[in-house]
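Raw contents of entry_9.cif, mmCIF, C-alpha atoms:
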```cif
data_input
#
loop_
_atom_site.label_atom_id
_atom_site.label_comp_id
_atom_site.auth_asym_id
_atom_site.auth_seq_id
_atom_site.Cartn_x
_atom_site.Cartn_y
_atom_site.Cartn_z
CA MET A 1 0.00 0.00 0.00
CA LYS A 2 1.02 3.59 -0.40
CA ASP A 3 0.05 6.96 1.07
CA GLU A 4 1.62 10.42 1.33
CA ARG A 5 4.42 9.05 3.59
CA GLY A 6 5.36 6.22 1.23
CA LEU A 7 5.04 2.46 0.90
CA TYR A 8 3.76 0.52 3.90
CA TYR A 9 2.30 -2.75 5.15
CA HIS A 10 0.42 -3.67 8.31
CA PRO A 11 2.82 -5.63 10.56
CA PHE A 12 -0.07 -6.68 12.81
CA PRO A 13 -2.95 -7.41 10.38
CA ALA A 14 -5.60 -7.23 13.10
CA ASN A 15 -4.48 -3.69 14.02
CA LYS A 16 -4.85 -1.36 11.05
CA GLN A 17 -3.69 1.60 13.18
CA VAL A 18 -0.10 0.38 12.90
CA ARG A 19 1.76 0.80 9.62
CA MET A 20 5.30 -0.17 8.76
CA TYR A 21 6.81 2.09 6.12
CA VAL A 22 9.68 0.88 3.96
CA LYS A 23 12.21 2.48 1.65
CA ILE A 24 15.72 2.00 0.36
CA VAL A 25 18.40 3.93 2.24
CA GLY A 26 21.79 3.56 0.59
CA ASN A 27 21.77 -0.07 -0.48
CA GLU A 28 19.63 -1.40 2.37
CA ILE A 29 15.93 -1.65 3.14
CA ALA A 30 14.92 0.62 6.03
CA PHE A 31 11.79 0.57 8.18
CA ARG A 32 9.79 3.16 10.11
CA MET A 33 6.72 2.43 12.19
CA ARG A 34 3.65 4.63 12.56
CA ASN A 35 0.86 4.03 15.05
CA ASP A 36 -2.28 6.17 14.92
CA ALA A 37 -2.78 5.48 18.64
CA ASP A 38 0.71 6.87 19.37
CA PRO A 39 1.45 9.75 16.94
CA GLN A 40 4.71 10.62 18.72
CA LEU A 41 6.21 7.29 17.63
CA TRP A 42 6.68 8.64 14.10
CA HIS A 43 8.45 11.75 15.37
CA GLU A 44 10.60 10.00 17.99
CA HIS A 45 11.94 7.21 15.79
CA GLY A 46 13.55 7.62 12.40
CA TRP A 47 14.30 5.12 9.67
CA ALA A 48 15.96 1.91 10.89
CA PRO A 49 18.08 -0.11 8.45
CA TYR A 50 17.42 -3.84 8.39
CA SER A 51 20.91 -4.57 9.74
CA ALA A 52 19.97 -2.64 12.91
CA ILE A 53 16.72 -4.61 13.18
CA ILE A 54 18.68 -7.87 13.11
CA GLU A 55 20.94 -6.65 15.92
CA ALA A 56 17.96 -5.48 17.99
CA ALA A 57 16.22 -8.83 17.48
CA LYS A 58 19.14 -10.58 19.18
CA MET A 59 18.37 -8.62 22.37
CA HIS A 60 14.66 -9.51 22.23
CA GLN A 61 15.04 -13.29 22.03
CA GLY A 62 12.60 -14.99 24.37
CA LYS A 63 10.47 -11.88 24.86
CA SER A 64 6.87 -11.39 23.76
CA PHE A 65 7.68 -8.89 20.98
CA ASP A 66 9.43 -10.43 17.98
CA PRO A 67 11.02 -7.67 15.85
CA MET A 68 11.57 -10.08 12.98
CA ARG A 69 7.80 -10.52 12.59
CA ALA A 70 7.02 -6.80 12.68
CA TYR A 71 9.99 -5.80 10.51
CA ASP A 72 9.28 -8.29 7.72
CA ILE A 73 12.06 -8.14 5.14
CA ASP A 74 10.10 -10.28 2.66
CA ALA A 75 7.03 -8.03 2.80
CA ALA A 76 9.25 -4.96 2.47
CA ALA A 77 11.15 -6.36 -0.51
CA GLU A 78 7.92 -7.28 -2.28
CA LEU A 79 6.46 -3.79 -1.77
CA LEU A 80 9.61 -2.14 -3.05
CA GLU A 81 9.78 -4.45 -6.05
CA ARG A 82 6.20 -3.60 -7.09
CA ARG A 83 6.57 0.20 -6.86
#
```
Conversion result in structure tokens:
Amino acid sequence: MKDERGLYYHPFPANKQVRMYVKIVGNEIAFRMRNDADPQLWHEHGWAPYSAIIEAAKMHQGKSFDPMRAYDIDAAAELLERR
């Protein structure tokens, strides 16, 4: 999907308030989350390259939030390929 901010997908399909935006930064896919229930999230967090997501995921192992599910590289690559 696409809006005025760019290409996005819903990382949590049951919650349409959350959007994950994707773009290419340098030679890497980058992600940025937006949550209508928390507008400050967009302003407080910039674009995160996928390599940083992988590193962050290592710290979240065994916890309830799985960054690798929310920051879906396959979904991002497909969106960017179709643009």
Work out how far CA of Asp66 (chain A) is from CA of Val18 (chain A), in Å to one decimal. 15.3 Å
Would you be able to write out as a list in words which residues have an atom within 12 Å of (10.5, 10.1, 13.4) in the file's coordinates, counting all atoms listed in the file? Arg5, Tyr21, Phe31, Arg32, Met33, Arg34, Asn35, Asp38, Pro39, Gln40, Leu41, Trp42, His43, Glu44, His45, Gly46, Trp47 and Ala48 of chain A
At a cut-off of 9 Å, using only C-alpha atoms, what residues contact Tyr50 (chain A)? Leave out same-chain residues fewer than 6 positions from it and give the result as a PyMOL selection string. chain A and resi 28-31+71+73
Write out, as a short mmCIF file (atom, residue, chain, number, x, y, z; two decimals), in the coordinates of the input, the residues just selected, with C-alpha atoms.
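The result, written out as again-v7.cif:
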```cif
data_model
loop_
_atom_site.label_atom_id
_atom_site.label_comp_id
_atom_site.auth_asym_id
_atom_site.auth_seq_id
_atom_site.Cartn_x
_atom_site.Cartn_y
_atom_site.Cartn_z
CA GLU A 28 19.63 -1.40 2.37
CA ILE A 29 15.93 -1.65 3.14
CA ALA A 30 14.92 0.62 6.03
CA PHE A 31 11.79 0.57 8.18
CA TYR A 71 9.99 -5.80 10.51
CA ILE A 73 12.06 -8.14 5.14
#
```
Out of A:Val22, A:Ser51, A:Asp72, A:Ser64, which residue has the shortest atom-to-atom distance to Lys2 (chain A) when counting all atoms listed in the file? A:Val22
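Here the PyMOL selection byres ((chain A and resi 7) around 10) catches exactly these residues: Met1, Lys2, Asp3, Glu4, Arg5, Gly6, Tyr8, Tyr9, Arg19, Met20, Tyr21, Val22, Lys23, Ala76, Leu79, Leu80 and Arg83 of chain A.
Going from CA of Asp74 (chain A) over to CA of Asp36 (chain A), you cover 24.0 Å.
What separates CA of Pro49 (chain A) from CA of Val25 (chain A) is a distance of 7.4 Å.
Counting all atoms listed in the file and comparing A:Ala57, A:Ile24, A:Ala37, A:Ala52, the residue that lies closest to Arg69 (chain A) is A:Ala57.
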